[in-house]
>>> print(open('run-v9.cif').read())   # mmCIF, C-alpha atoms
data_target
loop_
_atom_site.group_PDB
_atom_site.id
_atom_site.type_symbol
_atom_site.label_atom_id
_atom_site.label_comp_id
_atom_site.auth_asym_id
_atom_site.auth_seq_id
_atom_site.Cartn_x
_atom_site.Cartn_y
_atom_site.Cartn_z
ATOM 1 C CA MET A 712 66.332 122.995 132.974
ATOM 2 C CA ASP A 713 65.959 125.875 130.490
ATOM 3 C CA GLU A 714 63.967 123.693 128.132
ATOM 4 C CA GLN A 715 63.172 124.774 124.588
ATOM 5 C CA GLY A 716 61.834 123.250 121.413
ATOM 6 C CA THR A 717 63.861 121.267 118.912
ATOM 7 C CA ALA A 718 63.522 123.503 115.828
ATOM 8 C CA ARG A 719 66.836 125.329 116.230
ATOM 9 C CA LEU A 720 68.698 122.121 117.102
ATOM 10 C CA GLU A 721 67.388 120.418 113.974
ATOM 11 C CA THR A 722 68.008 123.407 111.695
ATOM 12 C CA PHE A 723 71.604 123.802 112.828
ATOM 13 C CA SER A 724 72.194 120.042 112.620
ATOM 14 C CA ASP A 725 70.769 119.850 109.096
ATOM 15 C CA GLY A 726 73.162 122.579 108.000
ATOM 16 C CA VAL A 727 76.206 120.764 109.404
ATOM 17 C CA PHE A 728 75.158 117.459 107.842
ATOM 18 C CA ALA A 729 74.701 119.145 104.461
ATOM 19 C CA ILE A 730 78.056 120.928 104.599
ATOM 20 C CA ALA A 731 79.913 117.777 105.703
ATOM 21 C CA ALA A 732 78.371 115.746 102.871
ATOM 22 C CA THR A 733 79.289 118.477 100.374
ATOM 23 C CA LEU A 734 82.889 118.734 101.593
ATOM 24 C CA LEU A 735 83.431 115.040 100.863
ATOM 25 C CA VAL A 736 83.873 115.875 97.193
ATOM 26 C CA LEU A 737 87.131 117.647 98.094
ATOM 27 C CA SER A 738 88.676 114.193 98.560
ATOM 28 C CA PHE A 739 89.171 114.076 94.764
ATOM 29 C CA SER A 740 92.140 115.632 93.029
ATOM 30 C CA VAL A 741 94.048 114.986 89.822
ATOM 31 C CA LYS A 742 97.313 116.278 88.417
ATOM 32 C CA TYR A 743 97.263 118.585 85.416
ATOM 33 C CA HIS A 744 99.750 116.432 83.535
ATOM 34 C CA GLY A 745 99.820 112.793 82.514
ATOM 35 C CA ASP A 746 97.018 110.549 81.343
ATOM 36 C CA LEU A 747 93.781 111.921 82.798
ATOM 37 C CA GLY A 748 91.834 108.745 82.045
ATOM 38 C CA LYS A 749 94.370 106.653 83.921
ATOM 39 C CA GLN A 750 94.322 109.058 86.861
ATOM 40 C CA LEU A 751 90.521 108.892 87.036
ATOM 41 C CA LEU A 752 90.646 105.091 87.126
ATOM 42 C CA GLN A 753 93.313 105.146 89.827
ATOM 43 C CA LEU A 754 91.018 107.247 92.019
ATOM 44 C CA TRP A 755 88.850 104.189 92.771
ATOM 45 C CA PRO A 756 89.776 104.193 96.509
ATOM 46 C CA SER A 757 88.593 107.807 96.722
ATOM 47 C CA TYR A 758 85.337 106.902 94.980
ATOM 48 C CA LEU A 759 84.811 104.055 97.446
ATOM 49 C CA ALA A 760 85.578 106.239 100.468
ATOM 50 C CA TYR A 761 83.373 109.046 99.120
ATOM 51 C CA VAL A 762 80.329 106.849 98.541
ATOM 52 C CA THR A 763 80.786 105.112 101.894
ATOM 53 C CA SER A 764 81.081 108.375 103.825
ATOM 54 C CA PHE A 765 78.270 110.088 101.924
ATOM 55 C CA VAL A 766 75.871 107.220 102.577
ATOM 56 C CA THR A 767 77.002 107.075 106.223
ATOM 57 C CA ILE A 768 76.380 110.797 106.731
ATOM 58 C CA GLY A 769 73.040 110.469 104.966
ATOM 59 C CA ILE A 770 71.976 107.615 107.234
ATOM 60 C CA ILE A 771 73.044 109.458 110.377
ATOM 61 C CA TRP A 772 71.072 112.478 109.175
ATOM 62 C CA MET A 773 67.950 110.345 108.532
ATOM 63 C CA ASN A 774 68.243 108.697 111.950
ATOM 64 C CA HIS A 775 68.880 112.053 113.623
ATOM 65 C CA HIS A 776 65.818 113.510 111.891
ATOM 66 C CA HIS A 777 63.644 110.583 112.959
ATOM 67 C CA THR A 778 64.736 110.638 116.592
ATOM 68 C CA VAL A 779 64.343 114.416 116.849
ATOM 69 C CA SER A 780 60.729 113.911 115.749
ATOM 70 C CA LEU A 781 60.241 111.865 118.944
ATOM 71 C CA ILE A 782 61.690 114.612 121.132
ATOM 72 C CA ALA A 783 59.596 117.530 122.378
ATOM 73 C CA ARG A 784 62.263 119.701 123.999
ATOM 74 C CA THR A 785 65.983 120.206 124.466
ATOM 75 C CA ASP A 786 68.210 121.493 127.231
ATOM 76 C CA ARG A 787 71.755 122.835 127.359
ATOM 77 C CA THR A 788 73.225 119.376 127.965
ATOM 78 C CA MET A 789 71.423 117.962 124.937
ATOM 79 C CA LEU A 790 72.629 120.855 122.791
ATOM 80 C CA PHE A 791 76.196 120.261 123.978
ATOM 81 C CA ILE A 792 76.049 116.535 123.178
ATOM 82 C CA ASN A 793 74.515 117.347 119.799
ATOM 83 C CA ASN A 794 77.401 119.707 119.053
ATOM 84 C CA LEU A 795 79.917 116.974 119.901
ATOM 85 C CA LEU A 796 78.124 114.625 117.509
ATOM 86 C CA LEU A 797 78.169 117.264 114.781
ATOM 87 C CA LEU A 798 81.866 117.862 115.435
ATOM 88 C CA THR A 799 82.612 114.279 114.396
ATOM 89 C CA VAL A 800 80.275 114.505 111.397
ATOM 90 C CA ALA A 801 82.020 117.674 110.193
ATOM 91 C CA PHE A 802 85.429 116.015 110.712
ATOM 92 C CA LEU A 803 84.589 112.951 108.581
ATOM 93 C CA PRO A 804 85.693 114.480 105.232
ATOM 94 C CA PHE A 805 89.300 114.587 106.494
ATOM 95 C CA PRO A 806 89.762 110.855 107.252
ATOM 96 C CA THR A 807 87.732 110.103 104.115
ATOM 97 C CA LYS A 808 90.369 111.926 102.062
ATOM 98 C CA LEU A 809 93.150 110.168 103.966
ATOM 99 C CA VAL A 810 91.696 106.740 103.204
ATOM 100 C CA GLY A 811 91.248 107.513 99.514
ATOM 101 C CA ASP A 812 94.754 108.961 99.151
ATOM 102 C CA TYR A 813 96.691 106.354 101.105
ATOM 103 C CA LEU A 814 94.888 103.287 99.792
ATOM 104 C CA ARG A 815 95.836 104.530 96.336
ATOM 105 C CA ARG A 816 99.478 105.079 97.319
ATOM 106 C CA GLY A 817 99.808 101.654 98.899
ATOM 107 C CA GLU A 818 101.576 103.022 101.979
ATOM 108 C CA GLY A 819 100.294 104.528 105.199
ATOM 109 C CA GLU A 820 96.944 102.936 104.515
ATOM 110 C CA GLN A 821 96.714 101.323 107.966
ATOM 111 C CA ALA A 822 97.033 104.651 109.797
ATOM 112 C CA ALA A 823 94.519 106.224 107.395
ATOM 113 C CA ALA A 824 92.020 103.398 107.909
ATOM 114 C CA LEU A 825 92.456 103.597 111.691
ATOM 115 C CA ALA A 826 91.805 107.356 111.625
ATOM 116 C CA TYR A 827 88.702 106.737 109.515
ATOM 117 C CA ALA A 828 87.403 103.883 111.661
ATOM 118 C CA GLY A 829 88.248 105.723 114.874
ATOM 119 C CA THR A 830 86.186 108.701 113.746
ATOM 120 C CA LEU A 831 83.248 106.396 113.037
ATOM 121 C CA VAL A 832 83.565 104.728 116.453
ATOM 122 C CA VAL A 833 83.519 108.098 118.227
ATOM 123 C CA MET A 834 80.573 109.192 116.086
ATOM 124 C CA ALA A 835 78.614 106.023 116.945
ATOM 125 C CA ILE A 836 79.345 106.406 120.665
ATOM 126 C CA LEU A 837 78.241 110.042 120.672
ATOM 127 C CA HIS A 838 75.098 109.254 118.696
ATOM 128 C CA GLN A 839 74.202 106.496 121.171
ATOM 129 C CA PHE A 840 74.922 108.813 124.116
ATOM 130 C CA TRP A 841 72.864 111.574 122.443
ATOM 131 C CA TRP A 842 69.867 109.242 122.138
ATOM 132 C CA GLN A 843 70.174 107.698 125.602
ATOM 133 C CA TYR A 844 70.389 111.144 127.213
ATOM 134 C CA ALA A 845 67.145 112.225 125.544
ATOM 135 C CA ARG A 846 65.462 108.895 126.187
ATOM 136 C CA HIS A 847 66.430 108.260 129.842
ATOM 137 C CA ASN A 848 63.258 108.418 131.949
ATOM 138 C CA ARG A 849 61.701 110.054 128.852
ATOM 139 C CA ARG A 850 63.668 113.166 129.846
ATOM 140 C CA LEU A 851 63.130 115.000 126.549
ATOM 141 C CA ILE A 852 60.679 112.692 124.802
ATOM 142 C CA ALA A 853 57.321 114.005 123.629
ATOM 143 C CA ASP A 854 54.404 112.834 125.761
ATOM 144 C CA GLU A 855 52.618 111.397 122.739
ATOM 145 C CA THR A 856 55.595 109.251 121.687
ATOM 146 C CA PRO A 857 54.808 105.594 122.479
ATOM 147 C CA ASP A 858 57.359 103.424 124.283
ATOM 148 C CA SER A 859 57.311 101.068 121.290
ATOM 149 C CA ALA A 860 58.834 103.836 119.152
ATOM 150 C CA LEU A 861 61.627 104.295 121.687
ATOM 151 C CA ARG A 862 62.350 100.570 121.767
ATOM 152 C CA ALA A 863 62.468 100.514 117.957
ATOM 153 C CA VAL A 864 65.151 103.224 117.972
ATOM 154 C CA ASP A 865 67.058 101.313 120.670
ATOM 155 C CA ARG A 866 67.084 98.205 118.460
ATOM 156 C CA ALA A 867 68.266 100.211 115.471
ATOM 157 C CA TYR A 868 71.024 102.013 117.394
ATOM 158 C CA TRP A 869 72.520 99.298 119.579
ATOM 159 C CA PRO A 870 74.564 97.504 116.835
ATOM 160 C CA GLY A 871 76.310 100.735 115.780
ATOM 161 C CA VAL A 872 79.140 100.910 118.322
ATOM 162 C CA PRO A 873 80.163 97.211 118.160
ATOM 163 C CA MET A 874 80.003 97.210 114.356
ATOM 164 C CA TYR A 875 82.251 100.251 114.018
ATOM 165 C CA ALA A 876 84.536 98.835 116.700
ATOM 166 C CA ALA A 877 84.867 95.764 114.464
ATOM 167 C CA VAL A 878 85.841 98.075 111.593
ATOM 168 C CA PHE A 879 88.536 99.619 113.801
ATOM 169 C CA VAL A 880 89.983 96.197 114.695
ATOM 170 C CA LEU A 881 89.839 95.054 111.067
ATOM 171 C CA ALA A 882 91.800 98.147 109.989
ATOM 172 C CA PHE A 883 94.881 96.724 111.748
ATOM 173 C CA PHE A 884 94.828 93.738 109.410
ATOM 174 C CA THR A 885 93.300 94.940 106.151
ATOM 175 C CA PRO A 886 92.655 98.660 105.615
ATOM 176 C CA LEU A 887 90.694 98.058 102.413
ATOM 177 C CA GLY A 888 88.619 95.417 104.197
ATOM 178 C CA ALA A 889 87.812 97.962 106.909
ATOM 179 C CA VAL A 890 86.481 100.424 104.340
ATOM 180 C CA LEU A 891 84.467 97.677 102.647
ATOM 181 C CA LEU A 892 82.997 96.655 106.006
ATOM 182 C CA THR A 893 82.062 100.293 106.623
ATOM 183 C CA PHE A 894 80.263 100.274 103.292
ATOM 184 C CA ALA A 895 78.471 97.060 104.309
ATOM 185 C CA ILE A 896 77.367 98.707 107.572
ATOM 186 C CA ALA A 897 76.037 101.668 105.596
ATOM 187 C CA ALA A 898 74.101 99.231 103.400
ATOM 188 C CA PHE A 899 72.759 97.549 106.549
ATOM 189 C CA TYR A 900 71.487 100.844 107.919
ATOM 190 C CA LEU A 901 70.175 102.161 104.581
ATOM 191 C CA PRO A 902 66.605 100.889 105.066
ATOM 192 C CA SER A 903 66.372 103.112 108.138
ATOM 193 C CA ALA A 904 62.583 103.257 108.257
ATOM 194 C CA ALA A 905 62.340 99.482 108.317
ATOM 195 C CA LEU A 906 64.778 99.303 111.236
ATOM 196 C CA PHE A 907 62.785 101.803 113.237
ATOM 197 C CA ASP A 908 59.504 100.033 112.558
ATOM 198 C CA ARG A 909 60.678 96.539 113.607
#
>>> encode(input="run-v9.cif", output="structure tokens")
Amino acid sequence: MDEQGTARLETFSDGVFAIAATLLVLSFSVKYHGDLGKQLLQLWPSYLAYVTSFVTIGIIWMNHHHTVSLIARTDRTMLFINNLLLLTVAFLPFPTKLVGDYLRRGEGEQAAALAYAGTLVVMAILHQFWWQYARHNRRLIADETPDSALRAVDRAYWPGVPMYAAVFVLAFFTPLGAVLLTFAIAAFYLPSAALFDR
């Protein structure tokens, strides 16, 4: 199986999470002419998208960190799945910028919201797959990790895919509503420790 510890996986992952969260700030831009105060106020969709994506990335990072602490080893398949998950995390700043820009313009917002929601759906699916691969028959789980800890993660993870799928469907009808629902999901997952301990 070519098993190895989790230190390099976690270090690389932490770096990608940090860079993706930092790149979100690039979703803001203003023109060098006109009323700056008015432009800053009109950026409210970008502020909303930024906060939503930053909190979402932060929650995924916290959950990733917690679940890695339950894992004793990795293999090439796990590393590959982890890279796919990180690919979607690193991509998130792009649809975040799209949502902020096109909600402000009042046109093209549906396509932007669908791109944003679609990215979140793929991310949730990959994160669930990542966890289930490690967890299946305790393939990569540390011997000292109790089954109750695994079940707690299962309970915390299972709503993710259907909730983000609901965001994707909602984006067809109300793009702003889809972003607000994403923010609500982030708020739901914010008390991550409590979810894992239930």
>>> closest_residue(input="run-v9.cif", among="A:Val741, A:Leu734, A:Ala828, A:Ala822", to="Leu754 (chain A)", atoms="only C-alpha atoms")
A:Val741
>>> closest_atom_pairs(input="run-v9.cif", of="region 823-905 of chain A", to="region 800-811 of chain A", cutoff="12 Å", atoms="all atoms listed in the file", output="Markdown table")
| residue | atom | partner | partner_atom | distance |
| --- | --- | --- | --- | --- |
| A:Ala823 | CA | A:Val810 | CA | 5.1 |
| A:Ala824 | CA | A:Val810 | CA | 5.8 |
| A:Leu825 | CA | A:Pro806 | CA | 8.9 |
| A:Ala826 | CA | A:Pro806 | CA | 6.0 |
| A:Tyr827 | CA | A:Pro806 | CA | 4.8 |
| A:Ala828 | CA | A:Pro806 | CA | 8.6 |
| A:Gly829 | CA | A:Pro806 | CA | 9.3 |
| A:Thr830 | CA | A:Leu803 | CA | 6.9 |
| A:Leu831 | CA | A:Leu803 | CA | 8.0 |
| A:Val832 | CA | A:Leu803 | CA | 11.4 |
| A:Val833 | CA | A:Val800 | CA | 9.9 |
| A:Met834 | CA | A:Val800 | CA | 7.1 |
| A:Ala835 | CA | A:Val800 | CA | 10.3 |
| A:Leu837 | CA | A:Val800 | CA | 10.5 |
| A:His838 | CA | A:Val800 | CA | 10.4 |
| A:Ala882 | CA | A:Val810 | CA | 10.9 |
| A:Pro886 | CA | A:Val810 | CA | 8.5 |
| A:Leu887 | CA | A:Val810 | CA | 8.8 |
| A:Gly888 | CA | A:Val810 | CA | 11.8 |
| A:Ala889 | CA | A:Val810 | CA | 10.3 |
| A:Val890 | CA | A:Val810 | CA | 8.3 |
| A:Leu891 | CA | A:Val810 | CA | 11.6 |
| A:Thr893 | CA | A:Thr807 | CA | 11.6 |
>>> residues_around(input="run-v9.cif", residues="Tyr758 (chain A)", least_positions_apart="6", cutoff="10 Å", atoms="all atoms listed in the file", output="number ranges by chain")
A: 736, 738-739, 751-752, 764, 807, 811
>>> atom_distance(input="run-v9.cif", atom1="CA of Leu790 (chain A)", atom2="CA of Phe840 (chain A)")
12.3 Å
>>> closest_residue(input="run-v9.cif", among="A:Met773, A:Val779, A:Ala731, A:Leu881", to="Ala718 (chain A)", atoms="all atoms listed in the file")
A:Val779
>>> closest_residue(input="run-v9.cif", among="A:Ala845, A:Leu795, A:Val878, A:Ala867", to="Phe899 (chain A)", atoms="only C-alpha atoms")
A:Ala867
>>> closest_residue(input="run-v9.cif", among="A:Ser724, A:Arg850, A:Ala860, A:Ala895", to="Thr788 (chain A)", atoms="all atoms listed in the file")
A:Arg850
>>> closest_residue(input="run-v9.cif", among="A:Leu735, A:Ala729, A:Leu861, A:Ile770", to="Ser757 (chain A)", atoms="all atoms listed in the file")
A:Leu735
>>> axis_aligned_box(input="run-v9.cif", around="region 888-893 of chain A", padding_each_side="5 Å", output="lines of an AutoDock Vina configuration file")
center_x = 85.3
center_y = 97.9
center_z = 104.8
size_x = 16.6
size_y = 15.0
size_z = 14.3
>>> atom_distance(input="run-v9.cif", atom1="CA of Tyr875 (chain A)", atom2="CA of Ile771 (chain A)")
13.5 Å
>>> atom_distance(input="run-v9.cif", atom1="CA of His775 (chain A)", atom2="CA of Asp725 (chain A)")
9.2 Å
